[in-house]
Amino acid sequence: MIIPNKSDQKGSKTSIIQALRMHGSMPRIKLTKVTELSRATISSTISELMDWNLVKETEKAPSTGGRPAISLELVPGSHAIMGADLNDQVWTLGVFDLLGNVLHTTKIPVSSSQPEAAIDELTDQTSKFVKEFDKEVIKLFGLGVPGLVDTRRGIIRSASDLGWSNVDIEEMVNKKLGWPTVAINRHHARGLSECRFGSGSSYKHMIYVGVGSGIAAGIFNDRQLVSGSFGGAGELGHITVEPDGPVCPCGNNGCLHLYSTASAIEQEARKQLRSGQYESLLNGVIPGYDLQL
């Protein structure tokens, strides 16, 4: 079983697994080009990954006849990896195989707005789940969280909808679970999933725009996430659209966040209902909202 650490994340095993995840099955000679590893390194590393049942050989029939080519691919369902997404005071904990297939999901409500409590609830439930899960879990953890995330330092610099600032979330989760942890903006994470496994998987360049309690875009160039200097690329919600508008929690005036997030739209709808402006709200019916004001 592979227990990734900081040195391995930069090494051959991670490079090979990532290449096979992103590009699918391929022969060894192509893998050397994609990973830029030597043939000797590819050979020895593949042997280890096959021993751990992470990678297998498969025959692919050539289109022009002749001997089938031997390709390498990840073994579906052999091991599990985990991640969590925080949205509207609820963590969604997901368990996946190395090919991105969903093995299990569960919801973990957050009872407090304090970051320490939210992380405690996530890590407590995660630890319990791992003990009961019937597959071996690779000890790495991914987080999709609201706000501006400094991906170099693993810190949420600002999440205005939660009232969080300078939360060292990677370190806090790592201390609780004992696992290397990586955090990025939740819309960047969702865009990454869409780029790798969803409707964007056949395109080299893509922009994913997520709208919820915040607004952010995942920008992908050659299938790689563009993070910006501090992970702030694609922070559409804090673009000023009304220079004389109200003050945003981020400190700027008239941000898009104040007009186009889910909470802002709901607030405006309620305001119009109170003033009797039903015509613009489909006769006052808004699916998903309790309008007993």
# chains A, B, ... in the order shown; residues from 1 in each chain; ligands from 1
call {"tool": "residues_around", "arguments": {"residues": "Asp150 of chain A", "least_positions_apart": "3", "cutoff": "9 Å", "atoms": "only C-alpha atoms", "output": "short mmCIF file (atom, residue, chain, number, x, y, z; two decimals) with all heavy atoms, in the first residue's frame"}}
result
data_model
loop_
_atom_site.label_atom_id
_atom_site.label_comp_id
_atom_site.auth_asym_id
_atom_site.auth_seq_id
_atom_site.Cartn_x
_atom_site.Cartn_y
_atom_site.Cartn_z
N ARG A 153 0.10 28.39 0.69
CA ARG A 153 0.24 28.24 2.14
C ARG A 153 -0.88 27.41 2.75
O ARG A 153 -0.81 27.06 3.92
CB ARG A 153 0.26 29.63 2.79
CG ARG A 153 1.43 30.51 2.33
CD ARG A 153 1.30 31.92 2.88
NE ARG A 153 1.29 31.93 4.33
CZ ARG A 153 0.87 32.95 5.06
NH1 ARG A 153 0.43 34.07 4.46
NH2 ARG A 153 0.87 32.90 6.37
N GLY A 154 -1.91 27.09 1.96
CA GLY A 154 -3.01 26.28 2.49
C GLY A 154 -3.90 27.03 3.46
O GLY A 154 -4.44 26.44 4.40
N ILE A 155 -4.08 28.33 3.21
CA ILE A 155 -4.83 29.19 4.14
C ILE A 155 -6.03 29.80 3.42
O ILE A 155 -5.91 30.27 2.28
CB ILE A 155 -3.92 30.31 4.69
CG1 ILE A 155 -2.82 29.72 5.57
CG2 ILE A 155 -4.73 31.34 5.48
CD1 ILE A 155 -1.80 30.73 6.02
N ILE A 156 -7.18 29.81 4.08
CA ILE A 156 -8.32 30.59 3.58
C ILE A 156 -8.09 32.03 4.01
O ILE A 156 -8.21 32.37 5.19
CB ILE A 156 -9.65 30.07 4.15
CG1 ILE A 156 -9.89 28.61 3.77
CG2 ILE A 156 -10.81 30.94 3.66
CD1 ILE A 156 -11.15 28.02 4.37
N ARG A 157 -7.73 32.87 3.06
CA ARG A 157 -7.46 34.27 3.40
C ARG A 157 -8.73 34.99 3.79
O ARG A 157 -8.75 35.79 4.73
CB ARG A 157 -6.78 34.98 2.23
CG ARG A 157 -5.31 34.60 2.02
CD ARG A 157 -4.71 35.36 0.86
NE ARG A 157 -3.27 35.18 0.81
CZ ARG A 157 -2.38 35.97 1.39
NH1 ARG A 157 -2.81 37.00 2.08
NH2 ARG A 157 -1.10 35.74 1.29
N ALA A 183 -6.14 22.19 0.06
CA ALA A 183 -7.39 22.95 -0.01
C ALA A 183 -7.34 23.91 -1.19
O ALA A 183 -6.32 24.56 -1.44
CB ALA A 183 -7.62 23.74 1.28
N ILE A 184 -8.45 24.00 -1.93
CA ILE A 184 -8.62 25.00 -2.98
C ILE A 184 -10.04 25.53 -2.91
O ILE A 184 -10.91 24.95 -2.24
CB ILE A 184 -8.32 24.46 -4.40
CG1 ILE A 184 -9.31 23.33 -4.78
CG2 ILE A 184 -6.90 23.97 -4.52
CD1 ILE A 184 -9.14 22.88 -6.23
N SER A 229 -1.37 34.15 -8.44
CA SER A 229 -0.24 34.21 -7.49
C SER A 229 -0.60 33.70 -6.11
O SER A 229 0.22 33.10 -5.43
CB SER A 229 0.27 35.65 -7.39
OG SER A 229 -0.77 36.54 -7.01
N PHE A 230 -1.85 33.92 -5.67
CA PHE A 230 -2.27 33.45 -4.35
C PHE A 230 -3.52 32.58 -4.43
O PHE A 230 -4.26 32.48 -3.45
CB PHE A 230 -2.52 34.63 -3.41
CG PHE A 230 -1.30 35.45 -3.13
CD1 PHE A 230 -1.13 36.69 -3.71
CD2 PHE A 230 -0.30 34.96 -2.30
CE1 PHE A 230 0.01 37.45 -3.46
CE2 PHE A 230 0.83 35.71 -2.05
CZ PHE A 230 1.00 36.95 -2.62
N GLY A 231 -3.78 31.97 -5.57
CA GLY A 231 -4.97 31.15 -5.70
C GLY A 231 -6.23 31.95 -5.98
O GLY A 231 -7.34 31.42 -5.92
N GLY A 232 -6.08 33.24 -6.31
CA GLY A 232 -7.25 34.10 -6.47
C GLY A 232 -7.73 34.26 -7.90
O GLY A 232 -8.66 35.04 -8.14
#
call {"tool": "select_by_dssp", "arguments": {"residues": "segment 77-293 of chain A", "states": "helix (DSSP H, G or I)", "output": "JSON, numbers by chain"}}
result
{"A": [115, 116, 117, 118, 119, 120, 121, 122, 123, 124, 125, 126, 127, 128, 129, 130, 131, 132, 169, 170, 171, 172, 173, 174, 175, 176, 177, 186, 187, 188, 189, 190, 191, 192, 193, 194, 195, 196, 197, 236, 237, 238, 257, 258, 259, 260, 262, 263, 264, 265, 266, 267, 268, 269, 270, 271, 272, 273, 274, 279, 280, 281]}
call {"tool": "closest_residue", "arguments": {"among": "A:Ser78, A:Ser213, A:Thr123, A:Ser199", "to": "Glu170 of chain A", "atoms": "only C-alpha atoms"}}
result
A:Thr123
call {"tool": "closest_residue", "arguments": {"among": "A:Ile46, A:Ile70, A:Met206, A:Ala118", "to": "Gln224 of chain A", "atoms": "only C-alpha atoms"}}
result
A:Met206
call {"tool": "closest_residue", "arguments": {"among": "A:Ala216, A:Ala269, A:Leu225, A:Leu49", "to": "Leu256 of chain A", "atoms": "only C-alpha atoms"}}
result
A:Ala216
call {"tool": "closest_residue", "arguments": {"among": "A:His188, A:Arg223, A:Arg270, A:Lys175", "to": "Lys204 of chain A", "atoms": "only C-alpha atoms"}}
result
A:Arg223
call {"tool": "select_by_dssp", "arguments": {"residues": "segment 43-288 of chain A", "states": "strand (DSSP E or B)", "output": "MDAnalysis selection string"}}
result
chainID A and resid 55:60 69:74 80:87 90:96 102:109 137:145 148:150 155:159 164:167 181:185 206:211 215:221 224:225 240 247 253 255
call {"tool": "closest_residue", "arguments": {"among": "A:Glu194, A:Glu73, A:Asp124, A:Glu116", "to": "Arg28 of chain A", "atoms": "only C-alpha atoms"}}
result
A:Glu73
call {"tool": "atom_distance", "arguments": {"atom1": "atom CA of Ile16 of chain A", "atom2": "atom CA of His104 of chain A"}}
result
25.2 Å
call {"tool": "atom_distance", "arguments": {"atom1": "atom CA of Gly147 of chain A", "atom2": "atom CA of Cys250 of chain A"}}
result
10.2 Å
call {"tool": "atom_distance", "arguments": {"atom1": "atom CA of Ile239 of chain A", "atom2": "atom CA of Ser263 of chain A"}}
result
17.3 Å
